[in-house]
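Report on one structure; see the data block that follows.
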Amino acid sequence: MKEVFDKVSIRCSRVTTNAYSTSFSLGIFCLAQELRDPIYSVYGFVRFADEIVDTFHDYNKTDLLQNFRADTWKAIREKISLNPILNSFQATVNRFHIEDALIEQFLKSMEMDLYKTEYTSETLKEYILGSAEVVGLMCLRVFTNGDHAHYETLKPYAMRLGSAFQKINFLRDLRADFVGMGRTYFPGLDLQHFNDACKKKIEESIAEDFNQGYIGIKQLPRSARFGVYMAYVYYLALFKKIRNTPSENVLQSRIRIRNRHKARLLAYSFVKHQLNML
């Protein structure tokens, strides 16, 4: 009766998503029902790996990540894991034929967080590829559901959207990343001299990624379009708020979107989706 265990496993992925991210939970809720559980499973996998490198400071992170990597490949190969997060993830990987290379690139970026504290342009590009862009591609495999031609068409846009989301996270969490973990993701950035000019340069890069990502959203299957657009609208609102915040304030506190504002974004996005105005 593995079916019961599989149901328990995906429930764990849902609980994980809801506990860690209200914004992504909202985006997933806006997907067609048949797409939600596979995307929950991807988020649960990504979240657990990220927790290892970002949170478990009192434990041997290297060992934990190595074990998680080994357990991931074992689960995919054997199509089962007693770790419910990995059990639900392997089911999605095997069902939608998510490439090993995407998973390995993601795990490689998580490993980079164990030892890298400063990034060059090249290493940042590699890190974002693994930590965000390939996650977007995993989701795109689910959204296109075996339509390889459509996947290849949308692939560059999905990567740019993932890049935009990640860079916004970096900008929002500048102080927390530096003070809490000694990380500075943007090349050559000295937080002691962070000013509006530095901030504007980063924002220009994000805006370019956003514009490309939106082109892809409009070409997604309708079953996925509203959910991805909802995530886009949320991050765009966060980006606008950061843009309107002076650089010194960005370093002082983490900028957030309030829940009532999220509700307005949801209503606005739903109307545009229903009227085919995306």
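Note on naming: chains are A, B, ... as they come in the structure tokens, residues start from 1 per chain, ligands start from 1 in the order shown.
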I need the residues of region 111-261 of chain A that end up classed as helix (DSSP H, G or I) by DSSP on the backbone, written out as number ranges by chain. A: 111-115, 121-144, 148-172, 174-181, 191-193, 196-217, 222-243, 247-250, 259-261
Output C-alpha atoms of each residue in that selection to a file, as a JSON list (two decimals), in the first residue's frame.
[["chain", "number", "residue", "atom", "x", "y", "z"],
["A", 111, "GLU", "CA", 27.57, 23.08, -1.71],
["A", 112, "MET", "CA", 29.03, 26.45, -2.77],
["A", 113, "ASP", "CA", 27.19, 28.02, 0.16],
["A", 114, "LEU", "CA", 29.21, 25.86, 2.53],
["A", 115, "TYR", "CA", 32.52, 27.49, 1.71],
["A", 121, "SER", "CA", 30.89, 37.52, -11.85],
["A", 122, "GLU", "CA", 31.57, 33.98, -13.03],
["A", 123, "THR", "CA", 30.96, 32.20, -9.74],
["A", 124, "LEU", "CA", 27.80, 34.25, -9.13],
["A", 125, "LYS", "CA", 26.52, 33.22, -12.55],
["A", 126, "GLU", "CA", 27.21, 29.58, -11.69],
["A", 127, "TYR", "CA", 25.59, 29.94, -8.28],
["A", 128, "ILE", "CA", 22.40, 31.51, -9.66],
["A", 129, "LEU", "CA", 22.24, 28.86, -12.39],
["A", 130, "GLY", "CA", 22.10, 26.15, -9.74],
["A", 131, "SER", "CA", 20.22, 27.83, -6.94],
["A", 132, "ALA", "CA", 17.44, 29.42, -9.02],
["A", 133, "GLU", "CA", 17.51, 28.93, -12.77],
["A", 134, "VAL", "CA", 17.52, 25.12, -12.74],
["A", 135, "VAL", "CA", 14.74, 25.14, -10.13],
["A", 136, "GLY", "CA", 12.69, 27.11, -12.64],
["A", 137, "LEU", "CA", 13.53, 24.48, -15.24],
["A", 138, "MET", "CA", 12.41, 21.66, -12.93],
["A", 139, "CYS", "CA", 9.07, 23.43, -12.60],
["A", 140, "LEU", "CA", 8.95, 24.03, -16.35],
["A", 141, "ARG", "CA", 9.30, 20.28, -16.94],
["A", 142, "VAL", "CA", 6.13, 19.86, -14.88],
["A", 143, "PHE", "CA", 4.31, 22.72, -16.61],
["A", 144, "THR", "CA", 5.07, 21.50, -20.15],
["A", 148, "HIS", "CA", 9.84, 18.95, -25.25],
["A", 149, "ALA", "CA", 9.56, 21.57, -27.99],
["A", 150, "HIS", "CA", 7.55, 23.88, -25.76],
["A", 151, "TYR", "CA", 10.02, 23.31, -22.93],
["A", 152, "GLU", "CA", 12.97, 24.29, -25.12],
["A", 153, "THR", "CA", 11.15, 27.41, -26.31],
["A", 154, "LEU", "CA", 10.41, 28.58, -22.77],
["A", 155, "LYS", "CA", 13.69, 27.46, -21.19],
["A", 156, "PRO", "CA", 15.65, 30.75, -21.53],
["A", 157, "TYR", "CA", 12.72, 32.77, -20.17],
["A", 158, "ALA", "CA", 12.28, 30.46, -17.17],
["A", 159, "MET", "CA", 15.98, 30.85, -16.38],
["A", 160, "ARG", "CA", 15.78, 34.64, -16.51],
["A", 161, "LEU", "CA", 12.74, 34.69, -14.23],
["A", 162, "GLY", "CA", 14.51, 32.45, -11.72],
["A", 163, "SER", "CA", 17.53, 34.74, -11.89],
["A", 164, "ALA", "CA", 15.35, 37.79, -11.17],
["A", 165, "PHE", "CA", 13.75, 36.12, -8.15],
["A", 166, "GLN", "CA", 17.12, 35.11, -6.74],
["A", 167, "LYS", "CA", 18.73, 38.52, -7.19],
["A", 168, "ILE", "CA", 15.78, 40.15, -5.42],
["A", 169, "ASN", "CA", 16.28, 37.73, -2.54],
["A", 170, "PHE", "CA", 19.96, 38.68, -2.43],
["A", 171, "LEU", "CA", 19.13, 42.39, -2.40],
["A", 172, "ARG", "CA", 16.43, 42.00, 0.24],
["A", 174, "LEU", "CA", 21.95, 41.79, 2.06],
["A", 175, "ARG", "CA", 22.43, 42.43, 5.77],
["A", 176, "ALA", "CA", 21.22, 39.02, 6.96],
["A", 177, "ASP", "CA", 23.49, 37.18, 4.54],
["A", 178, "PHE", "CA", 26.52, 39.25, 5.51],
["A", 179, "VAL", "CA", 26.03, 39.49, 9.27],
["A", 180, "GLY", "CA", 24.57, 36.03, 9.77],
["A", 181, "MET", "CA", 26.72, 34.00, 7.36],
["A", 191, "LEU", "CA", 28.62, 46.83, 2.35],
["A", 192, "GLN", "CA", 30.54, 49.49, 4.22],
["A", 193, "HIS", "CA", 30.19, 51.67, 1.11],
["A", 196, "ASP", "CA", 22.13, 54.22, -4.07],
["A", 197, "ALA", "CA", 24.44, 54.00, -7.10],
["A", 198, "CYS", "CA", 25.46, 50.42, -6.20],
["A", 199, "LYS", "CA", 21.84, 49.54, -5.57],
["A", 200, "LYS", "CA", 20.70, 51.01, -8.89],
["A", 201, "LYS", "CA", 23.24, 48.95, -10.84],
["A", 202, "ILE", "CA", 21.92, 45.75, -9.28],
["A", 203, "GLU", "CA", 18.33, 46.84, -9.91],
["A", 204, "GLU", "CA", 19.00, 47.40, -13.62],
["A", 205, "SER", "CA", 20.15, 43.79, -13.94],
["A", 206, "ILE", "CA", 17.04, 42.55, -12.14],
["A", 207, "ALA", "CA", 14.72, 44.65, -14.33],
["A", 208, "GLU", "CA", 16.23, 43.15, -17.47],
["A", 209, "ASP", "CA", 15.72, 39.62, -16.14],
["A", 210, "PHE", "CA", 12.14, 40.46, -15.18],
["A", 211, "ASN", "CA", 11.31, 41.73, -18.66],
["A", 212, "GLN", "CA", 12.57, 38.55, -20.28],
["A", 213, "GLY", "CA", 10.83, 36.35, -17.71],
["A", 214, "TYR", "CA", 7.47, 37.98, -18.40],
["A", 215, "ILE", "CA", 7.74, 37.12, -22.10],
["A", 216, "GLY", "CA", 7.90, 33.46, -21.12],
["A", 217, "ILE", "CA", 5.02, 33.65, -18.65],
["A", 222, "ARG", "CA", -2.93, 28.16, -19.19],
["A", 223, "SER", "CA", -2.82, 25.57, -16.40],
["A", 224, "ALA", "CA", 0.47, 27.08, -15.17],
["A", 225, "ARG", "CA", 0.24, 30.69, -16.30],
["A", 226, "PHE", "CA", -1.78, 32.18, -13.42],
["A", 227, "GLY", "CA", 0.35, 30.59, -10.69],
["A", 228, "VAL", "CA", 3.64, 31.69, -12.21],
["A", 229, "TYR", "CA", 2.23, 35.13, -12.93],
["A", 230, "MET", "CA", 1.15, 35.40, -9.30],
["A", 231, "ALA", "CA", 4.72, 34.70, -8.16],
["A", 232, "TYR", "CA", 5.96, 37.24, -10.72],
["A", 233, "VAL", "CA", 3.55, 39.91, -9.48],
["A", 234, "TYR", "CA", 4.55, 39.30, -5.86],
["A", 235, "TYR", "CA", 8.26, 39.59, -6.62],
["A", 236, "LEU", "CA", 7.66, 42.61, -8.84],
["A", 237, "ALA", "CA", 5.87, 44.34, -5.96],
["A", 238, "LEU", "CA", 8.76, 43.45, -3.66],
["A", 239, "PHE", "CA", 11.22, 44.75, -6.24],
["A", 240, "LYS", "CA", 9.35, 48.05, -6.56],
["A", 241, "LYS", "CA", 9.32, 48.44, -2.80],
["A", 242, "ILE", "CA", 13.07, 47.82, -2.63],
["A", 243, "ARG", "CA", 13.64, 50.26, -5.48],
["A", 247, "SER", "CA", 20.14, 52.01, 0.23],
["A", 248, "GLU", "CA", 20.84, 52.65, 3.92],
["A", 249, "ASN", "CA", 17.35, 51.41, 4.84],
["A", 250, "VAL", "CA", 17.80, 48.24, 2.79],
["A", 259, "ASN", "CA", -0.51, 39.99, 3.70],
["A", 260, "ARG", "CA", -3.27, 42.47, 2.85],
["A", 261, "HIS", "CA", -1.17, 43.70, -0.07]]
Would you work out the distance separating CA of Thr16 (chain A) from CA of Gly44 (chain A), expressed in Å to one decimal?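 So the two atoms, CA of Thr16 (chain A) and CA of Gly44 (chain A), lie 5.9 Å apart.
Relative to CA of Arg258 (chain A), CA of Leu26 (chain A) is found at 13.3 Å.
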Please measure the separation of CA of Glu104 (chain A) and CA of Ala70 (chain A), giving the value in Å to one decimal. 11.0 Å
Distance criterion (only C-alpha atoms): nearest to Met110 (chain A) out of A:Thr62, A:Gln219, A:Thr245, A:Thr22: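 Under the stated criterion, the closest residue is A:Thr62.
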